[in-house]
Amino acid sequence: MNTDISQQLQQQVVQAYEQVTALRIIGGNSKAFYGRADDRLLSAEILNVSGHRGVLSYEPTELVITARAGTPLAEIEKLLDDNGQMLAFEPPAFAESATIGGTIACNLSGPRRAYVGAARDFLLGCKIINGKGEIMSFGGEVMKNVAGYDVSRLMAGALGTLGVLLEVSLKVLPKTEMVETQLFHCSSIEALNKIHSWSQTPLPISASSFHDSVLRIRLSGAAKSVQAARDTVGGESVDNAEQYWHQLKEHKLDFFATEKPLWRISLASDIETFTAENDSNFLYEWGGALRWLKTETPAEIIQQAAADVDGHAILFRHSEQQTCFQTLSPGLLRIHQNLKQGFDPKNILNPGKLYPEL
Amino acid sequence: MYSSENIESKISKTALIQALQHFMAAESVLFDEEDLKPYECDGLSAYRAIPLIVVLPETIEQVQRVLTLCHENMIPVVARGAGTGLSGGALPHEQGVLLSLAKFKNILHIDPNRRIARVQPGVRNLAISQAVDQFGLYYAPDPSSQIACTIGGNVAENSGGVHCLKYGLTVHNIQQLKIITIDGELLTIGGSGLDSAGYDLLALMTGSEGMLGVIVEVTVKLLPKPERAQVLLAAFDDVVNAGEAVGNIIAAGIIPAGLEMMDRLAIQAAEDFVHAGYPLDAEAILLCELDGTNEEVSEHVSKVRGVLKQSGATEVRTAKDEAERLTFWAGRKAAFPAVGRLSPDYYCMDGTIPRKQLPQVLKAMADLSKEYELRVANVFHAGDGNLHPLILYDANIPCELERTEEFGGKILELCIKVGGTITGEHGVGMEKINQMCVQFNSLELQQFHAVKAAFDPQGLLNPGKAVPTLHRCAEFGAMHIHRGELPFPELERF
Ligand SMILES: Cc1cc2nc3c(=O)[nH]c(=O)nc-3n(C[C@H](O)[C@H](O)[C@H](O)COP(=O)(O)OP(=O)(O)OC[C@H]3O[C@@H](n4cnc5c(N)ncnc54)[C@H](O)[C@@H]3O)c2cc1C
């Protein structure tokens, strides 16, 4: 399906700007749970981008794909797969309806993130509608581009608070020839030690996880190098492990089936002690740099603990999310507010989704 | 020629010097003509200006005080690293303070477990890799200027190098920054994890050309040194075939660590200069570096060799040992100075294009070269479509610089026309300010100004650079047509 509804979307934003009406931007609604629940969003008018879809250009040898924001993520992944390529940051879909625009707006990345980069690292350019209803393009379809400020990357993770994504251009990579997974039984400290000794050598590690005394390492690359790496790291070989990594990425593992609030904590990979929680409430990814935690502990305590180690914690899934993202320092908050003012002066785009002040 | 934006400052030069000397050693505040002279330009020496004062602070607190003082008195501030920039980014402001970060040259901390190094902004790019070598690690972005340029300058320009096709640019390889805003506030951007809360200010700062804040600390990510690196040298009797070979390698599912192209003139210049053993009868050569584990490299070398032959390479060589690998690269790395020996002056351009446009663009450049009667040597990061045409000229011949600049401008506009950009890694600075009006429309430029205002509402940091005012574009637009329309029809013409 290929439809351009940019004019319609633009008109709706222009009208909202004139009448100062808040807009709640929706793609596939697959990640609606992510971000703050704000009263302004509950009463907001819906701006639905999902009808704006279609791949605009894709040439495998250029390693670039450009698509309208409402294009289903699955459609893009299928097209790339047919051509032996992939979105290397392994974005979680969380539902079939997931769109590429929502993927970039949330800047969520899967297991490979620690080894190749996040969604923002693969974003080359985008077309947006700002809060005044102006359509603009930044970045482009080339690998290197330093003309003007990097407004494209600023959109990644902004949750639509600075602009409505209309089109995105992403760098893609060839799929790897061979994938193997090795498994180890060990404590969390042993797991981190192993990971750190490997990460200082050039092994083709493409994912790692630790939970309930099991460390898993995924190796991907040229067949010979994966085979050699498997001998180096040792452990037990796991068959059909791709299903495990898929379930991890999509939060379909049993670990994620919980009523408790789910926290996403990003910190330096070698922090051993984080909180005194029972181990099975933790799941590590990204070589230890990402920790999922299920806990009823109050937000202030979790976020303070994260701040103490120079990291940050996001309340990822929960019913009534008021405090969701780590509090910014006053200086950074001021810059955030100024930027919001510069892109969306009447504060109509997803108000309060990221921070109450934005 | 460069005329800086006029800013009404509130303090005399003498009073400013006194105020600066209040918290900095006398030798760190320069104001005599002869002391200022070394700072009059960066790597783009065609543009020169003498700053009012040069300061060389040593501590973060001093930088904060310099900025507070300048902010209170409406004094422009231009940050400077090593001054190797090629777009006039560090060109001084005549009424302003040039803030050199040259004294910030300490490596503060190396953490092999986390694979990071925390360094001061004046640390040279290569010094980082040298310092972490003992841990088997290195810092991947490697601009050809890496022996001289600073990490602060690299962040400000989002610099790349021959290895960025596989390992990314500066923006992909840093984790945290400490910056001072124009009102003297110290901000920490990024964190110890792989991401941080809020907007991606780390990306916004990277490539911001000293317009948003002064970088006073950088935490870089390090990579384990590959087990093995091997380089192939392929000769072609047709530039178009060489261009196609680049796409074919990628189509084979291989991302080389580096993929560089040189044309006939560049090959000859490099060969005369460093005797790398390049084939002199070739129209173009490709240098393709493959790295990874031992097994992987062997596998890829044979694959790439096949692809190169199939793409019409007349000769494919593999470096027989590490010494020969370095020799192959020596020619490429010395290409700029080598070309410099062919002519009294050269002008280095920096457009990026979609790779598939390479043959057309090379052809069009050859035509322009005839039209302007100026020779061009081509050295470029072929893997990512980043061109570095070097225009040869002689500044002593009347009007030749002007003709060169016009020719250069035409090349940049050509890059935009085929879907590319006016700058891949050298930045806009002062040099490409007019072409910004061609690449972006007035709404986009206004949005850039809004970003600037979020950090520096008075426009005191590096005034007149990177993003043109709409009036400047209107002036420029009188001669140029944007995307088939008259640009800025809403603005009056001068
Ligand atoms: C021979 C040669 C080869 C080159 N090869 C490459 C290449 O392969 N790839 C590439 O990308 N570039 C290359 N360059 C360009 C140049 O080396 C890079 O742009 C480099 O990053 C500039 O670093 P610098 O320390 O010299 O910065 P400067 O030239 O001093 O400054 C550059 C810009 O950064 C700002 N700035 C500097 N330090 C700070 C700071 N601490 N805080 C805020 N702003 C700051 C300045 O205001 C200015 O706008 C080359 C240059 C030469 C001369």
# chains A, B, ... in the order shown; residues from 1 in each chain; ligands from 1
>>> residues_near_ligand(ligand="ligand 1", cutoff="6 Å", atoms="only C-alpha atoms and all ligand atoms", output="ChimeraX atom specification")
/B:42-43,78-86,89-90,101,121,143-145,149-150,152-154,156-157,159-161,209-210,213-216,425-426
>>> closest_atom_pairs(of="chain A", to="chain B", cutoff="7 Å", atoms="only C-alpha atoms", output="JSON lines")
{"residue": "A:Pro60", "atom": "CA", "partner": "B:Ala251", "partner_atom": "CA", "distance": 6.8}
{"residue": "A:Thr61", "atom": "CA", "partner": "B:Ala251", "partner_atom": "CA", "distance": 5.2}
{"residue": "A:Glu62", "atom": "CA", "partner": "B:Arg355", "partner_atom": "CA", "distance": 6.4}
{"residue": "A:Asp121", "atom": "CA", "partner": "B:His172", "partner_atom": "CA", "distance": 6.3}
{"residue": "A:Met136", "atom": "CA", "partner": "B:Glu444", "partner_atom": "CA", "distance": 5.8}
{"residue": "A:Val142", "atom": "CA", "partner": "B:Pro354", "partner_atom": "CA", "distance": 5.7}
{"residue": "A:Met143", "atom": "CA", "partner": "B:Asp384", "partner_atom": "CA", "distance": 5.6}
{"residue": "A:Lys144", "atom": "CA", "partner": "B:Gly424", "partner_atom": "CA", "distance": 4.6}
{"residue": "A:Asn145", "atom": "CA", "partner": "B:Gly424", "partner_atom": "CA", "distance": 4.3}
{"residue": "A:Val146", "atom": "CA", "partner": "B:Gly424", "partner_atom": "CA", "distance": 5.5}
{"residue": "A:Ala147", "atom": "CA", "partner": "B:Thr423", "partner_atom": "CA", "distance": 5.7}
{"residue": "A:Gly148", "atom": "CA", "partner": "B:Val467", "partner_atom": "CA", "distance": 6.6}
{"residue": "A:Tyr149", "atom": "CA", "partner": "B:Ser208", "partner_atom": "CA", "distance": 5.8}
{"residue": "A:Asp150", "atom": "CA", "partner": "B:Leu204", "partner_atom": "CA", "distance": 5.2}
{"residue": "A:Val151", "atom": "CA", "partner": "B:Leu204", "partner_atom": "CA", "distance": 6.8}
{"residue": "A:Arg153", "atom": "CA", "partner": "B:Ala203", "partner_atom": "CA", "distance": 6.2}
{"residue": "A:Leu154", "atom": "CA", "partner": "B:Asp200", "partner_atom": "CA", "distance": 5.2}
{"residue": "A:Gly157", "atom": "CA", "partner": "B:Tyr199", "partner_atom": "CA", "distance": 6.6}
{"residue": "A:Ala158", "atom": "CA", "partner": "B:Tyr199", "partner_atom": "CA", "distance": 5.7}
{"residue": "A:Pro174", "atom": "CA", "partner": "B:Gly253", "partner_atom": "CA", "distance": 5.1}
{"residue": "A:His196", "atom": "CA", "partner": "B:Asn113", "partner_atom": "CA", "distance": 5.6}
{"residue": "A:Gln200", "atom": "CA", "partner": "B:Pro224", "partner_atom": "CA", "distance": 5.3}
{"residue": "A:Thr201", "atom": "CA", "partner": "B:Pro224", "partner_atom": "CA", "distance": 5.3}
{"residue": "A:Pro202", "atom": "CA", "partner": "B:Pro224", "partner_atom": "CA", "distance": 5.4}
{"residue": "A:Ala222", "atom": "CA", "partner": "B:Glu296", "partner_atom": "CA", "distance": 5.7}
{"residue": "A:Lys224", "atom": "CA", "partner": "B:Glu295", "partner_atom": "CA", "distance": 5.5}
{"residue": "A:Ser225", "atom": "CA", "partner": "B:Glu296", "partner_atom": "CA", "distance": 5.2}
{"residue": "A:Ser266", "atom": "CA", "partner": "B:Gly193", "partner_atom": "CA", "distance": 5.2}
{"residue": "A:Leu267", "atom": "CA", "partner": "B:Gly193", "partner_atom": "CA", "distance": 3.8}
{"residue": "A:Ala268", "atom": "CA", "partner": "B:Gly193", "partner_atom": "CA", "distance": 4.6}
{"residue": "A:Ser269", "atom": "CA", "partner": "B:Arg114", "partner_atom": "CA", "distance": 6.5}
{"residue": "A:Asp270", "atom": "CA", "partner": "B:Arg114", "partner_atom": "CA", "distance": 6.8}
{"residue": "A:Ala289", "atom": "CA", "partner": "B:Gly193", "partner_atom": "CA", "distance": 6.0}
{"residue": "A:Asp310", "atom": "CA", "partner": "B:Ser192", "partner_atom": "CA", "distance": 5.5}
{"residue": "A:Gly311", "atom": "CA", "partner": "B:Gly193", "partner_atom": "CA", "distance": 5.7}
{"residue": "A:His312", "atom": "CA", "partner": "B:Ser196", "partner_atom": "CA", "distance": 6.4}
{"residue": "A:Phe325", "atom": "CA", "partner": "B:Ala197", "partner_atom": "CA", "distance": 6.5}
{"residue": "A:Gln326", "atom": "CA", "partner": "B:Ala197", "partner_atom": "CA", "distance": 6.0}
{"residue": "A:Gly331", "atom": "CA", "partner": "B:Leu187", "partner_atom": "CA", "distance": 6.7}
{"residue": "A:Leu332", "atom": "CA", "partner": "B:Leu187", "partner_atom": "CA", "distance": 6.9}
{"residue": "A:Ile335", "atom": "CA", "partner": "B:Ala454", "partner_atom": "CA", "distance": 5.9}
{"residue": "A:Asn338", "atom": "CA", "partner": "B:Ala454", "partner_atom": "CA", "distance": 4.7}
{"residue": "A:Leu339", "atom": "CA", "partner": "B:Ala454", "partner_atom": "CA", "distance": 5.4}
{"residue": "A:Gly342", "atom": "CA", "partner": "B:Ala450", "partner_atom": "CA", "distance": 5.0}
>>> atom_distance(atom1="CA of Cys399 in chain B", atom2="CA of Ala364 in chain B")
22.9 Å
>>> atom_distance(atom1="CA of Leu91 in chain B", atom2="CA of Ala49 in chain B")
6.7 Å
>>> atom_distance(atom1="CA of Leu215 in chain A", atom2="CA of Asp81 in chain A")
28.4 Å
>>> select_by_dssp(residues="range 116-259 of chain B", states="strand (DSSP E or B)", output="VMD selection string")
chain B and resid 116 to 119 124 137 to 138 150 174 to 180 186 to 190 214 to 221 223 to 224 228 to 236 258 to 259
>>> residues_around(residues="Phe138 in chain A", least_positions_apart="5", cutoff="7 Å", atoms="only C-alpha atoms", output="list in words")
Gly125, Cys126, Lys127, Val151 and Ser152 of chain A
>>> closest_residue(among="A:Pro298, A:Gly28, A:Gly234, A:Gly133", to="Gly70 in chain A", atoms="only C-alpha atoms")
A:Gly28
>>> select_by_dssp(residues="range 137-319 of chain A", states="alpha helix (DSSP H)", output="short mmCIF file (atom, residue, chain, number, x, y, z; two decimals) with N, CA and C atoms, in the first residue's frame")
data_model
loop_
_atom_site.label_atom_id
_atom_site.label_comp_id
_atom_site.auth_asym_id
_atom_site.auth_seq_id
_atom_site.Cartn_x
_atom_site.Cartn_y
_atom_site.Cartn_z
N VAL A 151 19.28 17.66 13.25
CA VAL A 151 17.89 17.68 13.69
C VAL A 151 17.25 16.29 13.57
N SER A 152 17.69 15.50 12.58
CA SER A 152 17.11 14.17 12.42
C SER A 152 17.27 13.35 13.69
N ARG A 153 18.52 13.28 14.16
CA ARG A 153 18.76 12.45 15.34
C ARG A 153 18.04 13.00 16.56
N LEU A 154 17.83 14.31 16.57
CA LEU A 154 17.11 14.91 17.68
C LEU A 154 15.69 14.36 17.76
N MET A 155 15.15 13.96 16.61
CA MET A 155 13.78 13.42 16.57
C MET A 155 13.73 12.02 17.16
N SER A 188 25.63 -13.68 38.38
CA SER A 188 25.64 -12.42 37.62
C SER A 188 27.04 -11.82 37.57
N ILE A 189 27.77 -11.96 38.66
CA ILE A 189 29.13 -11.38 38.68
C ILE A 189 30.05 -12.13 37.72
N GLU A 190 29.92 -13.46 37.73
CA GLU A 190 30.72 -14.24 36.77
C GLU A 190 30.33 -13.87 35.33
N ALA A 191 29.04 -13.68 35.12
CA ALA A 191 28.57 -13.33 33.77
C ALA A 191 29.20 -12.01 33.31
N LEU A 192 29.17 -11.00 34.19
CA LEU A 192 29.75 -9.71 33.80
C LEU A 192 31.25 -9.85 33.55
N ASN A 193 31.92 -10.63 34.38
CA ASN A 193 33.35 -10.81 34.17
C ASN A 193 33.65 -11.46 32.83
N LYS A 194 32.87 -12.47 32.50
CA LYS A 194 33.08 -13.14 31.21
C LYS A 194 32.86 -12.14 30.07
N ILE A 195 31.74 -11.43 30.15
CA ILE A 195 31.41 -10.47 29.09
C ILE A 195 32.53 -9.45 28.91
N HIS A 196 33.04 -8.95 30.03
CA HIS A 196 34.07 -7.92 29.90
C HIS A 196 35.39 -8.45 29.39
N SER A 197 35.68 -9.70 29.70
CA SER A 197 36.94 -10.22 29.15
C SER A 197 36.78 -10.44 27.64
N TRP A 198 35.58 -10.84 27.19
CA TRP A 198 35.37 -11.02 25.76
C TRP A 198 35.30 -9.69 25.02
N SER A 199 34.69 -8.71 25.67
CA SER A 199 34.44 -7.47 24.92
C SER A 199 35.72 -6.70 24.64
N ALA A 223 30.92 -17.33 8.51
CA ALA A 223 30.83 -18.67 9.11
C ALA A 223 32.10 -19.05 9.86
N LYS A 224 33.23 -18.85 9.22
CA LYS A 224 34.47 -19.29 9.85
C LYS A 224 34.76 -18.53 11.13
N SER A 225 34.43 -17.26 11.14
CA SER A 225 34.76 -16.49 12.33
C SER A 225 33.81 -16.84 13.47
N VAL A 226 32.55 -17.17 13.16
CA VAL A 226 31.61 -17.59 14.20
C VAL A 226 32.05 -18.93 14.79
N GLN A 227 32.48 -19.83 13.91
CA GLN A 227 32.94 -21.14 14.40
C GLN A 227 34.15 -20.99 15.32
N ALA A 228 35.08 -20.13 14.90
CA ALA A 228 36.28 -19.93 15.72
C ALA A 228 35.91 -19.29 17.05
N ALA A 229 34.97 -18.32 17.01
CA ALA A 229 34.57 -17.63 18.24
C ALA A 229 33.89 -18.59 19.20
N ARG A 230 33.11 -19.50 18.65
CA ARG A 230 32.41 -20.47 19.48
C ARG A 230 33.43 -21.30 20.27
N ASP A 231 34.50 -21.68 19.60
CA ASP A 231 35.54 -22.44 20.31
C ASP A 231 36.20 -21.59 21.38
N THR A 232 36.38 -20.31 21.10
CA THR A 232 37.04 -19.44 22.07
C THR A 232 36.19 -19.24 23.32
N VAL A 233 34.88 -18.94 23.14
CA VAL A 233 34.08 -18.64 24.33
C VAL A 233 33.64 -19.89 25.07
N ALA A 241 18.06 -20.88 18.77
CA ALA A 241 18.11 -19.78 19.73
C ALA A 241 17.48 -18.50 19.20
N GLU A 242 17.33 -18.40 17.88
CA GLU A 242 16.76 -17.16 17.33
C GLU A 242 15.40 -16.85 17.95
N GLN A 243 14.68 -17.92 18.27
CA GLN A 243 13.37 -17.72 18.89
C GLN A 243 13.52 -17.04 20.25
N TYR A 244 14.56 -17.45 20.99
CA TYR A 244 14.80 -16.83 22.29
C TYR A 244 15.08 -15.32 22.12
N TRP A 245 15.95 -14.98 21.19
CA TRP A 245 16.31 -13.56 21.02
C TRP A 245 15.11 -12.76 20.53
N HIS A 246 14.29 -13.41 19.70
CA HIS A 246 13.09 -12.73 19.24
C HIS A 246 12.14 -12.45 20.41
N GLN A 247 11.97 -13.44 21.26
CA GLN A 247 11.07 -13.26 22.40
C GLN A 247 11.63 -12.24 23.39
N LEU A 248 12.93 -12.21 23.50
CA LEU A 248 13.54 -11.21 24.37
C LEU A 248 13.26 -9.81 23.82
N LYS A 249 13.52 -9.63 22.53
CA LYS A 249 13.29 -8.34 21.88
C LYS A 249 11.83 -7.90 21.99
N ALA A 299 9.40 4.91 42.41
CA ALA A 299 10.18 5.49 41.32
C ALA A 299 11.37 6.32 41.81
N GLU A 300 11.15 7.15 42.84
CA GLU A 300 12.23 8.03 43.31
C GLU A 300 13.45 7.22 43.70
N ILE A 301 13.21 6.08 44.34
CA ILE A 301 14.33 5.27 44.83
C ILE A 301 15.09 4.63 43.67
N ILE A 302 14.35 4.11 42.71
CA ILE A 302 14.99 3.49 41.55
C ILE A 302 15.79 4.54 40.78
N GLN A 303 15.15 5.67 40.54
CA GLN A 303 15.83 6.68 39.71
C GLN A 303 17.02 7.29 40.44
N GLN A 304 16.91 7.42 41.76
CA GLN A 304 18.07 7.93 42.50
C GLN A 304 19.22 6.93 42.41
N ALA A 305 18.89 5.65 42.53
CA ALA A 305 19.95 4.62 42.46
C ALA A 305 20.61 4.64 41.09
N ALA A 306 19.81 4.84 40.05
CA ALA A 306 20.37 4.91 38.70
C ALA A 306 21.25 6.14 38.57
N ALA A 307 20.77 7.27 39.10
CA ALA A 307 21.54 8.51 39.01
C ALA A 307 22.86 8.38 39.76
N ASP A 308 22.84 7.67 40.88
CA ASP A 308 24.06 7.51 41.68
C ASP A 308 25.18 6.84 40.89
#
>>> closest_residue(among="B:Ala323, B:Lys363, B:Phe273, B:Leu342", to="Asp238 in chain B", atoms="only C-alpha atoms")
B:Lys363
>>> residues_around(residues="Pro389 in chain B", least_positions_apart="6", cutoff="12 Å", atoms="only C-alpha atoms", output="VMD selection string")
chain B and resid 261 to 263 265 to 266 335 to 336 339 346 to 352 361 to 362 365 to 366 368 to 369 374 to 381 404 407 to 412 415
>>> write_last_selection(atoms="C-alpha atoms", output="short mmCIF file (atom, residue, chain, number, x, y, z; two decimals), in the first residue's frame")
data_model
loop_
_atom_site.label_atom_id
_atom_site.label_comp_id
_atom_site.auth_asym_id
_atom_site.auth_seq_id
_atom_site.Cartn_x
_atom_site.Cartn_y
_atom_site.Cartn_z
CA MET B 261 39.21 5.73 -4.48
CA MET B 262 41.83 7.90 -6.20
CA ASP B 263 41.81 9.12 -9.77
CA LEU B 265 45.96 12.79 -11.16
CA ALA B 266 45.84 11.85 -7.48
CA ALA B 335 47.24 12.40 -1.06
CA PHE B 336 46.43 15.97 0.00
CA VAL B 339 48.51 16.98 -4.71
CA TYR B 346 44.66 23.64 -3.78
CA TYR B 347 41.13 23.85 -2.56
CA CYS B 348 39.57 20.79 -0.92
CA MET B 349 35.85 20.17 -1.40
CA ASP B 350 33.73 17.79 0.65
CA GLY B 351 30.37 16.86 -0.95
CA THR B 352 28.62 13.55 -0.38
CA VAL B 361 29.21 13.35 -10.96
CA LEU B 362 32.78 12.52 -11.94
CA MET B 365 33.23 17.57 -12.63
CA ALA B 366 35.56 16.80 -15.51
CA LEU B 368 33.46 21.85 -15.16
CA SER B 369 37.21 21.47 -14.86
CA LEU B 374 41.35 24.43 -13.44
CA ARG B 375 42.67 20.94 -12.79
CA VAL B 376 40.92 18.65 -10.28
CA ALA B 377 42.35 15.64 -8.48
CA ASN B 378 39.89 13.24 -6.89
CA VAL B 379 40.54 11.42 -3.66
CA PHE B 380 37.55 10.11 -1.85
CA HIS B 381 35.83 7.91 0.66
CA THR B 404 38.18 28.32 -7.88
CA PHE B 407 33.95 26.16 -9.44
CA GLY B 408 33.81 24.68 -5.93
CA GLY B 409 30.36 26.13 -5.41
CA LYS B 410 29.21 24.51 -8.65
CA ILE B 411 30.47 21.14 -7.46
CA LEU B 412 28.52 21.48 -4.22
CA CYS B 415 26.03 17.23 -5.13
#
>>> decode(residues="range 3-20 of chain A", atoms="N, CA and C atoms", output="mmCIF file, in the first residue's frame")
data_model
loop_
_atom_site.group_PDB
_atom_site.id
_atom_site.type_symbol
_atom_site.label_atom_id
_atom_site.label_comp_id
_atom_site.auth_asym_id
_atom_site.auth_seq_id
_atom_site.Cartn_x
_atom_site.Cartn_y
_atom_site.Cartn_z
ATOM 1 N N THR A 3 0.331 5.356 0.200
ATOM 2 C CA THR A 3 -0.534 6.542 0.254
ATOM 3 C C THR A 3 0.191 7.714 0.880
ATOM 4 N N ASP A 4 -0.008 8.864 0.260
ATOM 5 C CA ASP A 4 0.598 10.085 0.771
ATOM 6 C C ASP A 4 -0.500 10.955 1.377
ATOM 7 N N ILE A 5 -0.522 11.048 2.695
ATOM 8 C CA ILE A 5 -1.529 11.923 3.314
ATOM 9 C C ILE A 5 -0.856 13.104 4.026
ATOM 10 N N SER A 6 0.334 13.466 3.532
ATOM 11 C CA SER A 6 1.072 14.517 4.232
ATOM 12 C C SER A 6 0.300 15.839 4.282
ATOM 13 N N GLN A 7 -0.434 16.135 3.197
ATOM 14 C CA GLN A 7 -1.177 17.413 3.190
ATOM 15 C C GLN A 7 -2.253 17.434 4.255
ATOM 16 N N GLN A 8 -2.971 16.292 4.352
ATOM 17 C CA GLN A 8 -4.003 16.164 5.384
ATOM 18 C C GLN A 8 -3.406 16.356 6.775
ATOM 19 N N LEU A 9 -2.266 15.664 6.997
ATOM 20 C CA LEU A 9 -1.628 15.740 8.309
ATOM 21 C C LEU A 9 -1.185 17.170 8.589
ATOM 22 N N GLN A 10 -0.640 17.794 7.559
ATOM 23 C CA GLN A 10 -0.174 19.172 7.730
ATOM 24 C C GLN A 10 -1.346 20.096 8.085
ATOM 25 N N GLN A 11 -2.460 19.929 7.349
ATOM 26 C CA GLN A 11 -3.626 20.769 7.631
ATOM 27 C C GLN A 11 -4.096 20.613 9.064
ATOM 28 N N GLN A 12 -4.087 19.352 9.524
ATOM 29 C CA GLN A 12 -4.551 19.112 10.892
ATOM 30 C C GLN A 12 -3.632 19.804 11.909
ATOM 31 N N VAL A 13 -2.326 19.781 11.640
ATOM 32 C CA VAL A 13 -1.400 20.438 12.570
ATOM 33 C C VAL A 13 -1.575 21.957 12.503
ATOM 34 N N VAL A 14 -1.723 22.476 11.291
ATOM 35 C CA VAL A 14 -1.907 23.927 11.149
ATOM 36 C C VAL A 14 -3.145 24.377 11.925
ATOM 37 N N GLN A 15 -4.204 23.605 11.768
ATOM 38 C CA GLN A 15 -5.437 23.961 12.469
ATOM 39 C C GLN A 15 -5.260 23.881 13.993
ATOM 40 N N ALA A 16 -4.614 22.840 14.416
ATOM 41 C CA ALA A 16 -4.371 22.683 15.856
ATOM 42 C C ALA A 16 -3.513 23.831 16.377
ATOM 43 N N TYR A 17 -2.581 24.279 15.550
ATOM 44 C CA TYR A 17 -1.714 25.394 15.937
ATOM 45 C C TYR A 17 -2.538 26.664 16.077
ATOM 46 N N GLU A 18 -3.401 26.879 15.096
ATOM 47 C CA GLU A 18 -4.225 28.096 15.138
ATOM 48 C C GLU A 18 -5.186 28.081 16.327
ATOM 49 N N GLN A 19 -5.738 26.909 16.594
ATOM 50 C CA GLN A 19 -6.731 26.833 17.673
ATOM 51 C C GLN A 19 -6.132 26.395 19.012
ATOM 52 N N VAL A 20 -4.818 26.200 19.019
ATOM 53 C CA VAL A 20 -4.116 25.719 20.218
ATOM 54 C C VAL A 20 -4.782 24.462 20.812
#
